[in-house]
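The structure file start28.cif is reproduced below (mmCIF, C-alpha atoms and all ligand atoms).
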data_work
loop_
_atom_site.label_atom_id
_atom_site.label_comp_id
_atom_site.auth_asym_id
_atom_site.auth_seq_id
_atom_site.Cartn_x
_atom_site.Cartn_y
_atom_site.Cartn_z
CA MET W 1 0.00 0.00 0.00
CA VAL W 2 1.42 3.39 -0.95
CA PHE W 3 -0.05 6.73 0.00
CA ASN W 4 -0.31 9.27 -2.73
CA VAL W 5 -0.56 12.73 -1.26
CA GLY W 6 -0.78 15.55 -3.76
CA GLY W 7 0.58 13.26 -6.48
CA ARG W 8 3.54 12.24 -4.35
CA GLN W 9 4.31 9.13 -2.29
CA ASN W 10 4.66 10.09 1.34
CA VAL W 11 4.96 8.60 4.82
CA ARG W 12 4.60 10.80 7.88
CA ILE W 13 6.23 9.45 11.05
CA LEU W 14 5.49 11.00 14.47
CA LEU W 15 7.65 10.29 17.54
CA VAL W 16 5.95 10.58 20.95
CA GLY W 17 6.80 9.45 24.46
CA GLU W 18 7.68 10.69 27.93
CA ARG W 19 10.17 13.50 28.49
CA SER W 20 13.89 12.78 28.06
CA VAL W 21 13.48 9.35 26.51
CA GLY W 22 15.51 10.55 23.51
CA LYS W 23 12.99 11.39 20.77
CA THR W 24 14.88 14.43 19.50
CA SER W 25 18.24 12.65 19.81
CA ILE W 26 16.97 9.71 17.72
CA ILE W 27 15.88 12.04 14.91
CA LEU W 28 19.09 14.07 14.95
CA SER W 29 21.25 10.92 15.14
CA LEU W 30 19.48 9.57 12.06
CA VAL W 31 19.97 12.77 10.11
CA SER W 32 23.53 13.63 11.11
CA GLU W 33 24.76 10.05 11.69
CA GLU W 34 26.32 11.16 14.97
CA PHE W 35 25.14 11.69 18.53
CA THR W 36 25.08 15.19 20.02
CA GLU W 37 24.47 15.77 23.74
CA ASP W 38 23.16 19.25 23.14
CA VAL W 39 19.82 18.92 21.35
CA PRO W 40 16.90 21.38 21.13
CA ALA W 41 13.60 20.64 22.88
CA LYS W 42 12.09 19.76 19.52
CA ALA W 43 13.64 18.84 16.17
CA GLU W 44 12.45 20.70 13.10
CA GLU W 45 10.21 18.65 10.84
CA ILE W 46 12.46 16.74 8.45
CA THR W 47 11.62 15.32 5.03
CA ILE W 48 13.85 12.59 3.66
CA PRO W 49 13.66 12.36 -0.14
CA PRO W 50 12.36 9.11 -1.64
CA GLU W 51 15.61 8.18 -3.39
CA VAL W 52 17.46 7.74 -0.09
CA THR W 53 14.80 5.69 1.70
CA PRO W 54 14.69 1.89 1.31
CA GLU W 55 10.98 1.95 0.44
CA LYS W 56 11.47 4.83 -2.02
CA VAL W 57 8.87 7.08 -0.44
CA ALA W 58 9.34 10.62 0.79
CA THR W 59 9.45 10.32 4.57
CA CYS W 60 8.53 13.13 6.89
CA ILE W 61 9.73 12.80 10.49
CA VAL W 62 7.99 14.81 13.19
CA ASP W 63 9.17 15.32 16.77
CA TYR W 64 6.94 16.01 19.78
CA SER W 65 7.84 18.13 22.77
CA ALA W 66 5.57 18.43 25.79
CA VAL W 67 7.34 21.69 26.66
CA GLU W 68 6.64 23.37 23.34
CA GLN W 69 3.34 21.79 22.33
CA THR W 70 -0.15 21.58 23.77
CA ILE W 71 -2.29 18.45 23.87
CA GLU W 72 -4.40 20.01 21.09
CA VAL W 73 -1.38 20.27 18.81
CA LEU W 74 -0.35 16.72 19.74
CA THR W 75 -3.84 15.48 18.87
CA MET W 76 -3.64 17.16 15.48
CA GLU W 77 -0.17 15.69 14.83
CA ILE W 78 -1.41 12.19 15.71
CA GLN W 79 -4.24 12.60 13.23
CA ARG W 80 -1.84 13.82 10.52
CA ALA W 81 0.62 10.97 11.09
CA HIS W 82 0.58 7.70 9.12
CA VAL W 83 2.51 5.89 11.86
CA VAL W 84 3.36 6.74 15.46
CA CYS W 85 6.60 5.66 17.15
CA ILE W 86 6.15 5.51 20.92
CA VAL W 87 9.59 5.94 22.43
CA TYR W 88 10.59 4.91 25.95
CA ALA W 89 13.99 4.66 27.60
CA VAL W 90 15.09 1.14 28.51
CA ASP W 91 16.68 2.43 31.73
CA ASP W 92 13.49 4.22 32.79
CA GLU W 93 10.76 1.82 33.96
CA GLU W 94 8.18 4.60 34.27
CA SER W 95 8.61 5.65 30.64
CA PHE W 96 7.87 2.03 29.63
CA GLU W 97 4.87 1.77 31.95
CA LYS W 98 3.42 4.95 30.36
CA VAL W 99 3.44 3.28 26.93
CA SER W 100 0.46 1.11 27.87
CA SER W 101 -1.09 3.30 30.58
CA TYR W 102 -1.02 6.61 28.69
CA TRP W 103 0.30 6.67 25.12
CA LEU W 104 -1.51 3.74 23.52
CA PRO W 105 -4.86 4.67 25.15
CA LEU W 106 -4.33 8.28 24.02
CA LEU W 107 -3.83 7.16 20.42
CA ARG W 108 -7.02 5.10 20.64
CA ASN W 109 -8.91 8.10 22.00
CA VAL W 110 -7.68 10.42 19.28
CA CYS W 111 -8.41 8.11 16.33
CA SER W 112 -11.51 6.06 15.75
CA ARG W 113 -11.01 2.29 15.49
CA GLU W 114 -11.17 2.43 11.68
CA ALA W 115 -8.61 5.24 11.53
CA ARG W 116 -6.23 3.79 14.12
CA ARG W 117 -2.58 4.49 13.31
CA PRO W 118 -0.05 1.68 13.30
CA VAL W 119 2.47 1.94 16.13
CA VAL W 120 6.14 1.06 16.47
CA LEU W 121 7.44 0.63 20.02
CA VAL W 122 10.94 2.02 20.42
CA GLY W 123 13.12 1.22 23.44
CA ASN W 124 15.95 3.78 23.33
CA LYS W 125 19.23 4.06 25.30
CA THR W 126 20.26 0.42 24.97
CA ASP W 127 23.85 1.57 25.51
CA LEU W 128 22.97 2.10 29.19
CA ILE W 129 21.79 -1.41 30.10
CA ASP W 130 21.75 -4.95 28.77
CA VAL W 131 18.32 -5.57 27.26
CA SER W 132 17.97 -9.25 28.10
CA THR W 133 14.39 -9.90 27.05
CA ASN W 134 11.70 -8.49 24.77
CA ASP W 135 8.89 -10.20 26.72
CA PRO W 136 7.37 -6.98 28.10
CA MET W 137 7.18 -5.54 24.58
CA PHE W 138 5.51 -8.70 23.29
CA ARG W 139 2.92 -8.51 26.09
CA ILE W 140 2.02 -4.99 24.93
CA MET W 141 1.74 -6.22 21.32
CA GLU W 142 -0.76 -8.86 22.45
CA GLU W 143 -2.92 -6.30 24.23
CA PHE W 144 -2.63 -3.62 21.53
CA PRO W 145 -2.66 -5.18 18.06
CA GLU W 146 -2.05 -1.75 16.48
CA VAL W 147 1.58 -2.20 17.62
CA GLU W 148 3.16 -3.46 14.41
CA SER W 149 6.71 -3.91 15.63
CA CYS W 150 9.18 -3.28 18.44
CA VAL W 151 12.77 -2.15 18.22
CA ALA W 152 15.49 -1.51 20.78
CA CYS W 153 17.97 1.18 19.75
CA SER W 154 20.48 3.72 20.93
CA ALA W 155 20.67 7.28 19.63
CA LYS W 156 24.09 7.43 21.27
CA THR W 157 25.73 4.48 19.49
CA LEU W 158 23.40 4.74 16.45
CA ASN W 159 22.51 1.08 16.98
CA ASN W 160 19.24 0.26 15.14
CA ILE W 161 18.45 3.93 14.46
CA SER W 162 18.01 3.66 10.69
CA GLU W 163 16.27 0.28 11.21
CA MET W 164 13.74 1.98 13.45
CA PHE W 165 12.67 4.29 10.64
CA VAL W 166 12.52 1.38 8.20
CA TYR W 167 10.17 -0.43 10.60
CA ALA W 168 8.03 2.69 10.76
CA GLN W 169 7.86 2.93 6.96
CA LYS W 170 7.02 -0.75 6.70
CA ALA W 171 4.24 -0.42 9.30
CA VAL W 172 2.54 1.99 6.88
CA LEU W 173 3.44 0.45 3.54
CA HIS W 174 3.21 -3.25 4.48
CA PRO W 175 0.99 -3.48 7.60
CA THR W 176 0.41 -6.95 9.01
CA SER W 177 -3.17 -6.06 9.90
CA PRO W 178 -5.66 -3.81 8.08
CA LEU W 179 -5.73 -1.05 10.68
CA TYR W 180 -7.36 1.59 8.56
CA THR W 181 -8.69 2.16 5.12
CA PHE W 182 -6.77 3.90 2.41
CA ASP W 183 -9.11 6.83 1.88
CA GLN W 184 -9.11 7.80 5.54
CA GLN W 185 -5.44 8.76 5.42
CA GLN W 186 -4.34 12.17 4.21
P1 LIG W 201 11.89 16.02 25.60
O1 LIG W 201 12.31 17.14 24.67
O2 LIG W 201 11.92 16.41 27.04
O3 LIG W 201 10.58 15.42 25.20
O4 LIG W 201 13.02 14.86 25.51
P2 LIG W 201 13.38 13.89 24.31
O5 LIG W 201 12.57 12.65 24.42
O6 LIG W 201 13.36 14.60 23.00
O7 LIG W 201 14.89 13.47 24.71
P3 LIG W 201 16.25 14.14 24.23
O8 LIG W 201 16.57 13.76 22.85
O9 LIG W 201 16.21 15.60 24.57
O10 LIG W 201 17.27 13.37 25.20
C1 LIG W 201 17.17 13.45 26.61
C2 LIG W 201 18.51 13.09 27.22
O11 LIG W 201 18.83 11.73 26.95
C3 LIG W 201 19.69 13.91 26.64
O12 LIG W 201 20.59 14.17 27.70
C4 LIG W 201 20.31 12.96 25.63
O13 LIG W 201 21.70 13.23 25.44
C5 LIG W 201 20.08 11.62 26.29
N1 LIG W 201 19.99 10.52 25.33
C6 LIG W 201 19.21 10.45 24.24
N2 LIG W 201 19.35 9.29 23.61
C7 LIG W 201 20.28 8.59 24.31
C8 LIG W 201 20.86 7.29 24.15
O14 LIG W 201 20.58 6.51 23.22
N3 LIG W 201 21.77 6.90 25.10
C9 LIG W 201 22.12 7.72 26.13
N4 LIG W 201 23.01 7.25 27.00
N5 LIG W 201 21.59 8.94 26.31
C10 LIG W 201 20.67 9.38 25.41
#
Starting from the coordinates I provided, produce the structure as structure tokens.
Ligand code: GTP
Amino acid sequence: MVFNVGGRQNVRILLVGERSVGKTSIILSLVSEEFTEDVPAKAEEITIPPEVTPEKVATCIVDYSAVEQTIEVLTMEIQRAHVVCIVYAVDDEESFEKVSSYWLPLLRNVCSREARRPVVLVGNKTDLIDVSTNDPMFRIMEEFPEVESCVACSAKTLNNISEMFVYAQKAVLHPTSPLYTFDQQQ
């Protein structure tokens, strides 16, 4: 499935999650291929041209910052997105707990069942601890079938950063479940 927006193939990826989990760092690490400690509260919206993406679709990456944005703006961004990456930090239990207690229910509230966005779960900061098991992620996938895939990554070491965006593209272009109908996406 390929979205054709204004005559152009396009995937819009939104990153959400608790504060300081590394959303902005992930985006900037992808773009600059290096980790910077000093990042802004929110990355500018970035469009990656189709020729440099594996799926050959223009890919727009959108950051979210609770400091700079209201819940109304977040709601609008969720509705504009084709896929939502919920980021947590693997060394921060609370940020993981909020995935199922806050973020996934919020996405369900914002979008009707037919218009539900696919989700990629992203466990960032794997450089800080040994991630020994993916069981907790799989439990979330069972409860929330809109979660298409899970990935553990590190913005600091760049481990799995480009893969994360590939998973997000694939969740839109090759979903495993028919989450929404084509004409409901803009
Ligand atoms: P908000 O703007 O508050 O929503 O935060 P954010 O989710 O955008 O996180 P941000 O990218 O600002 O990173 C928060 C802190 O975590 C910064 O000090 C980063 O340097 C650090 N950080 C981000 N990613 C990693 C990582 O993969 N490993 C380590 N060790 N630190 C990271």
### Query
Leaving out Cys153 of chain W and any residue of its chain fewer than 4 positions from it, which residues lie within 8 Å of it when counting all atoms listed in the file, given as a PyMOL selection string?
chain W and resi 122-126+158-161+164
### Atom-to-atom span, atom O12 of ligand LIG 201 (chain W) and atom CA of Asp92 of chain W, Å
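Pair atom O12 of ligand LIG 201 (chain W) / atom CA of Asp92 of chain W returns 13.2 Å.
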### Query
Given the choices W:Ile48, W:Ala43, W:Val11, W:Val73, which gets closest to ligand LIG 201 (chain W) if the distance is worked out from all atoms listed in the file?
W:Ala43
Axis-aligned box for all listed atoms of segment 49-58 of chain W, 8 Å per side, centre and edges in Å to one decimal, as lines of an AutoDock Vina configuration file:
center_x = 13.2
center_y = 7.1
center_z = -0.8
size_x = 24.6
size_y = 26.5
size_z = 21.1
### Query
In Å to one decimal, how far is atom CA of Pro136 of chain W from atom CA of Ala155 of chain W?
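Distance reported for this atom pair: 21.3 Å.
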### Task
Within 8 Å of ligand LIG 201 (chain W), which residues show up when you count only C-alpha atoms and all ligand atoms? List them as a ChimeraX atom specification, please.
/W:16-26,35-42,63-67,87,124-128,153-158
